[in-house]
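**Q** Got a structure for you, run.txt, holding compact mmCIF, C-alpha atoms.
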# COMPACT_ATOMS: atom_id res chain seq x y z
CA MET A 262 0.00 0.00 0.00
CA PRO A 263 1.44 3.40 -0.90
CA ALA A 264 2.25 5.42 2.20
CA THR A 265 3.15 8.98 3.05
CA GLY A 266 6.33 9.87 1.18
CA ASP A 267 5.71 7.41 -1.67
CA SER A 268 4.95 8.35 -5.25
CA ALA A 269 1.25 8.12 -5.94
CA PRO A 270 0.37 5.44 -8.50
CA ASP A 271 -0.74 7.20 -11.67
CA PHE A 272 -3.94 6.16 -13.38
CA THR A 273 -6.44 7.09 -16.04
CA ALA A 274 -10.15 6.42 -15.48
CA PRO A 275 -13.61 7.77 -16.26
CA LEU A 276 -14.59 10.90 -14.32
CA ALA A 277 -18.23 11.52 -13.49
CA ASN A 278 -18.54 15.30 -13.44
CA GLY A 279 -22.02 15.77 -14.89
CA ASP A 280 -20.68 14.28 -18.10
CA VAL A 281 -18.21 11.42 -18.37
CA ASP A 282 -14.68 12.57 -19.14
CA GLU A 283 -11.29 10.93 -19.00
CA PHE A 284 -9.33 11.64 -15.82
CA SER A 285 -5.58 11.22 -15.45
CA LEU A 286 -3.99 11.74 -12.05
CA SER A 287 -0.77 13.06 -13.60
CA ASP A 288 -2.73 15.64 -15.60
CA ALA A 289 -4.72 16.66 -12.53
CA LEU A 290 -1.53 17.09 -10.51
CA SER A 291 -0.12 19.50 -13.08
CA GLU A 292 -3.28 21.62 -12.94
CA ASP A 293 -5.17 21.04 -9.68
CA ALA A 294 -2.70 19.94 -6.98
CA PRO A 295 -2.83 19.14 -4.24
CA VAL A 296 -5.35 16.42 -5.00
CA VAL A 297 -7.47 14.59 -2.45
CA LEU A 298 -8.45 11.04 -3.45
CA ALA A 299 -11.29 9.90 -1.19
CA PHE A 300 -11.98 6.21 -1.80
CA PHE A 301 -15.39 4.90 -0.72
CA PRO A 302 -17.03 1.46 -1.04
CA ALA A 303 -20.24 2.30 -2.89
CA ALA A 304 -22.54 5.12 -3.91
CA PHE A 305 -26.01 5.32 -2.36
CA THR A 306 -24.98 3.69 0.91
CA GLY A 307 -25.39 5.46 4.24
CA VAL A 308 -21.84 6.10 5.41
CA CYS A 309 -20.53 6.72 1.89
CA THR A 310 -23.22 9.30 1.26
CA ASP A 311 -22.42 10.97 4.60
CA GLU A 312 -18.72 11.04 3.74
CA MET A 313 -19.11 12.53 0.28
CA CYS A 314 -21.64 15.08 1.57
CA THR A 315 -19.21 16.06 4.35
CA PHE A 316 -16.48 16.64 1.76
CA GLN A 317 -19.01 18.78 -0.14
CA ASP A 318 -19.86 20.75 3.01
CA ARG A 319 -16.15 21.40 3.60
CA LEU A 320 -15.23 21.95 -0.05
CA ALA A 321 -14.51 25.66 0.45
CA ALA A 322 -11.66 24.83 2.83
CA PHE A 323 -10.01 22.75 0.10
CA GLU A 324 -10.68 25.31 -2.61
CA ASP A 325 -9.18 28.05 -0.41
CA VAL A 326 -5.77 26.40 -0.85
CA ASP A 327 -6.40 25.49 -4.52
CA ALA A 328 -6.80 21.79 -3.74
CA THR A 329 -9.13 19.50 -5.67
CA VAL A 330 -11.24 16.72 -4.15
CA TYR A 331 -12.19 13.56 -6.04
CA GLY A 332 -14.20 10.62 -4.78
CA VAL A 333 -13.17 7.16 -6.05
CA SER A 334 -15.36 4.03 -6.12
CA ARG A 335 -16.11 0.89 -8.17
CA ASP A 336 -19.45 2.31 -9.29
CA SER A 337 -19.99 3.04 -12.99
CA PRO A 338 -19.59 6.66 -14.09
CA PHE A 339 -23.33 6.77 -14.83
CA THR A 340 -24.20 5.67 -11.30
CA LEU A 341 -21.71 8.19 -9.94
CA ASN A 342 -23.28 11.01 -11.96
CA GLU A 343 -26.69 10.16 -10.51
CA PHE A 344 -25.13 10.01 -7.02
CA ARG A 345 -23.56 13.46 -7.61
CA ASP A 346 -26.89 14.86 -8.78
CA GLN A 347 -28.94 13.46 -5.91
CA ASN A 348 -26.47 14.74 -3.32
CA ASP A 349 -25.57 18.08 -4.96
CA LEU A 350 -21.87 17.23 -5.11
CA ASP A 351 -19.74 19.82 -6.91
CA PHE A 352 -16.61 17.67 -7.17
CA GLY A 353 -15.89 14.85 -9.59
CA LEU A 354 -16.18 11.16 -8.82
CA ILE A 355 -13.74 8.72 -10.42
CA SER A 356 -15.12 5.39 -11.60
CA ASP A 357 -12.79 2.48 -10.88
CA PHE A 358 -15.19 -0.03 -12.41
CA ASN A 359 -12.35 -2.45 -13.21
CA LYS A 360 -10.76 -1.89 -9.75
CA GLU A 361 -7.36 -1.03 -11.21
CA ILE A 362 -6.96 2.03 -8.97
CA ILE A 363 -8.14 0.14 -5.89
CA GLU A 364 -5.53 -2.53 -6.60
CA ALA A 365 -2.77 0.03 -7.30
CA TYR A 366 -3.46 1.75 -3.96
CA ASP A 367 -3.98 -1.62 -2.23
CA VAL A 368 -7.30 -0.60 -0.66
CA GLU A 369 -9.49 -3.53 -1.74
CA MET A 370 -11.97 -5.11 0.65
CA ASP A 371 -14.82 -7.60 0.52
CA PHE A 372 -18.19 -7.80 2.22
CA GLU A 373 -18.30 -11.60 2.13
CA ASP A 374 -21.54 -11.84 4.14
CA LEU A 375 -23.23 -9.69 1.47
CA GLY A 376 -21.54 -11.38 -1.47
CA VAL A 377 -19.85 -8.11 -2.47
CA TYR A 378 -16.19 -8.35 -3.44
CA GLY A 379 -13.46 -5.99 -4.56
CA VAL A 380 -14.77 -2.63 -3.37
CA ALA A 381 -12.63 0.18 -1.98
CA LYS A 382 -11.78 0.50 1.66
CA ARG A 383 -12.74 3.90 2.97
CA SER A 384 -9.45 5.75 2.57
CA VAL A 385 -8.00 9.15 1.78
CA PHE A 386 -4.77 10.08 0.04
CA VAL A 387 -3.47 13.64 -0.41
CA VAL A 388 -1.08 13.98 -3.35
CA ASP A 389 1.08 17.08 -3.91
CA SER A 390 2.09 18.63 -7.24
CA ASP A 391 5.22 16.42 -7.35
CA GLY A 392 3.07 13.28 -7.22
CA GLU A 393 4.11 12.49 -3.65
CA ILE A 394 1.59 11.17 -1.16
CA THR A 395 1.73 13.62 1.72
CA TYR A 396 -1.10 12.06 3.73
CA SER A 397 -2.73 8.65 3.81
CA TRP A 398 -5.52 7.23 5.91
CA VAL A 399 -7.06 3.79 5.41
CA SER A 400 -9.79 2.19 7.49
CA ASP A 401 -10.50 -1.51 7.74
CA ASP A 402 -13.89 -0.56 9.19
CA PRO A 403 -16.21 0.80 6.46
CA GLY A 404 -18.33 2.49 9.13
CA VAL A 405 -15.52 4.85 10.16
CA GLU A 406 -15.16 8.18 8.38
CA PRO A 407 -11.88 10.10 8.08
CA GLU A 408 -10.97 12.93 10.42
CA TYR A 409 -11.91 15.74 8.05
CA ALA A 410 -9.97 18.43 9.91
CA GLU A 411 -6.86 16.24 9.66
CA VAL A 412 -7.38 15.92 5.88
CA GLU A 413 -7.80 19.70 5.60
CA ASP A 414 -4.57 20.24 7.57
CA ALA A 415 -2.73 17.82 5.30
CA VAL A 416 -4.00 19.60 2.20
CA GLU A 417 -2.98 22.97 3.57
CA ALA A 418 0.51 21.64 4.31
CA ALA A 419 0.78 20.21 0.78
CA ALA A 420 -0.40 23.39 -0.93
In structure tokens, what does this structure look like?
**A**
Amino acid sequence: MPATGDSAPDFTAPLANGDVDEFSLSDALSEDAPVVLAFFPAAFTGVCTDEMCTFQDRLAAFEDVDATVYGVSRDSPFTLNEFRDQNDLDFGLISDFNKEIIEAYDVEMDFEDLGVYGVAKRSVFVVDSDGEITYSWVSDDPGVEPEYAEVEDAVEAAA
């Protein structure tokens, strides 16, 4: 699993932003760094909705230091666009439908009792303009949300 101080694995994936565009981390870092990658297990679930809505509520703090927030999940970009619409999210959501990003960041988990496999652990990575991970948080408990103030502090330090 990439840790603080490591180079962030680069990737290209569909971005749900009202439309569906191609997203490349390396391109985003050259334009929108620092970047917050907030991995979540699935759209339209209670804790995931709370988490993404909390990032939305705190979005101004990230924008104040020119940081960009992206959610990342296994959901299709079409599902993610509907999730964005229903929750009034102003930031993009990256579709890792083939779980390549989840594997690269080593944040895969299963809900065996539900028959759901290969979703993202709830986790947050802050990546600076050099592509270095300056903050990482990964939870093995999908019911635990990140410490948002800690993420904001990490973004401010990386800006």
**Q** Might you pull out every residue within 7 Å of stretch 334-348 of chain A, with all atoms listed in the file counted and same-chain residues fewer than 3 positions away left off, and present them as a ChimeraX atom specification?
**A** /A:275-279,281,300-305,314,354-358,360,380-381
**Q** Using only C-alpha atoms, pick whichever of A:Val399, A:Glu283, A:Val333, A:Arg319 has the shortest atom-to-atom distance to A:Ile362.
**A**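 The closest residue to A:Ile362 is A:Val333.
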**Q** Considering all atoms listed in the file, can you say which of A:Asp282, A:Cys309, A:Ala294, A:Trp398 comes closest to A:Val326?
**A**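 Smallest separation from A:Val326 among the options: A:Ala294.
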**Q** Could you jot down the atom CA of A:Glu393 to atom CA of A:Thr265 separation for me, Å, one decimal place?
**A**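 Between atom CA of A:Glu393 and atom CA of A:Thr265 the gap is 7.6 Å.
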**Q** Measuring atom to atom with only C-alpha atoms, identify which of A:Phe323, A:Tyr409, A:Phe386, A:Tyr396 is nearest to A:Val368.
**A**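 Under the stated criterion, the closest residue is A:Phe386.
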**Q** Would you work out the distance separating atom CA of A:Gly266 from atom CA of A:Asp414, expressed in Å to one decimal?
**A** 16.3 Å
**Q** Could you work out how far atom CA of A:Leu286 lies from atom CA of A:Asp351, giving the answer in Å with one decimal?
**A** 18.4 Å
**Q** Using all atoms listed in the file, find the one residue out of A:Asn359, A:Thr329, A:Thr306, A:Thr273 that sits nearest to A:Val388.
**A**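 Among A:Asn359, A:Thr329, A:Thr306, A:Thr273, it is A:Thr329 that comes nearest to A:Val388.
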**Q** May I ask which of the residues A:Ala322, A:Ala328, A:Met313, A:Ala420 is the closest one to A:Leu350, counting all atoms listed in the file?
**A**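 For A:Leu350, the nearest of the given residues is A:Met313.
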**Q** List as number ranges by chain: which residues have an atom within 6 Å of (-3.7, 3.5, 0.0), counting only C-alpha atoms?
**A** A: 262-263, 366-368
**Q** Please produce an output containing C-alpha atoms for each residue in the selection, written as a PDB file, keeping the file's coordinate frame.
**A**
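Generated file (part.pdb):
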ATOM      1  CA  MET A 262       0.000   0.000   0.000  1.00  0.00           C
ATOM      2  CA  PRO A 263       1.440   3.400  -0.900  1.00  0.00           C
ATOM      3  CA  TYR A 366      -3.460   1.750  -3.960  1.00  0.00           C
ATOM      4  CA  ASP A 367      -3.980  -1.620  -2.230  1.00  0.00           C
ATOM      5  CA  VAL A 368      -7.300  -0.600  -0.660  1.00  0.00           C
TER       6      VAL A 368
END
**Q** Find, counting all atoms listed in the file, the residue in A:Gly404, A:Ile363, A:Asp318, A:Asp391 that gets nearest to A:Tyr378.
**A**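 Nearest candidate to A:Tyr378 out of A:Gly404, A:Ile363, A:Asp318, A:Asp391: A:Ile363.
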**Q** Reconstruct N, CA and C atoms of stretch 311-326 of chain A from the incomplete input and present them as a JSON list (two decimals), keeping the file's coordinate frame.
**A**
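Final output, saved to selection_30.json:
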[["chain", "number", "residue", "atom", "x", "y", "z"],
["A", 311, "ASP", "N", -22.82, 10.01, 3.56],
["A", 311, "ASP", "CA", -22.42, 10.97, 4.60],
["A", 311, "ASP", "C", -21.03, 11.51, 4.34],
["A", 312, "GLU", "N", -20.10, 10.62, 3.97],
["A", 312, "GLU", "CA", -18.72, 11.04, 3.74],
["A", 312, "GLU", "C", -18.62, 12.01, 2.58],
["A", 313, "MET", "N", -19.21, 11.65, 1.45],
["A", 313, "MET", "CA", -19.11, 12.53, 0.28],
["A", 313, "MET", "C", -19.82, 13.86, 0.53],
["A", 314, "CYS", "N", -20.94, 13.83, 1.24],
["A", 314, "CYS", "CA", -21.64, 15.08, 1.57],
["A", 314, "CYS", "C", -20.84, 15.93, 2.55],
["A", 315, "THR", "N", -20.08, 15.30, 3.44],
["A", 315, "THR", "CA", -19.21, 16.06, 4.35],
["A", 315, "THR", "C", -18.08, 16.71, 3.57],
["A", 316, "PHE", "N", -17.49, 16.00, 2.61],
["A", 316, "PHE", "CA", -16.48, 16.64, 1.76],
["A", 316, "PHE", "C", -17.10, 17.83, 1.02],
["A", 317, "GLN", "N", -18.33, 17.67, 0.54],
["A", 317, "GLN", "CA", -19.01, 18.78, -0.14],
["A", 317, "GLN", "C", -19.19, 19.97, 0.81],
["A", 318, "ASP", "N", -19.64, 19.68, 2.02],
["A", 318, "ASP", "CA", -19.86, 20.75, 3.01],
["A", 318, "ASP", "C", -18.57, 21.49, 3.35],
["A", 319, "ARG", "N", -17.45, 20.81, 3.24],
["A", 319, "ARG", "CA", -16.15, 21.40, 3.60],
["A", 319, "ARG", "C", -15.33, 21.79, 2.36],
["A", 320, "LEU", "N", -15.95, 21.74, 1.20],
["A", 320, "LEU", "CA", -15.23, 21.95, -0.05],
["A", 320, "LEU", "C", -14.53, 23.31, -0.10],
["A", 321, "ALA", "N", -15.12, 24.33, 0.47],
["A", 321, "ALA", "CA", -14.51, 25.66, 0.45],
["A", 321, "ALA", "C", -13.13, 25.67, 1.10],
["A", 322, "ALA", "N", -12.96, 24.89, 2.15],
["A", 322, "ALA", "CA", -11.66, 24.83, 2.83],
["A", 322, "ALA", "C", -10.59, 24.28, 1.89],
["A", 323, "PHE", "N", -10.96, 23.32, 1.06],
["A", 323, "PHE", "CA", -10.01, 22.75, 0.10],
["A", 323, "PHE", "C", -9.75, 23.74, -1.03],
["A", 324, "GLU", "N", -10.81, 24.35, -1.52],
["A", 324, "GLU", "CA", -10.68, 25.31, -2.61],
["A", 324, "GLU", "C", -9.87, 26.53, -2.19],
["A", 325, "ASP", "N", -9.93, 26.90, -0.91],
["A", 325, "ASP", "CA", -9.18, 28.05, -0.41],
["A", 325, "ASP", "C", -7.67, 27.89, -0.59],
["A", 326, "VAL", "N", -7.20, 26.65, -0.64],
["A", 326, "VAL", "CA", -5.77, 26.40, -0.85],
["A", 326, "VAL", "C", -5.52, 25.76, -2.23]]
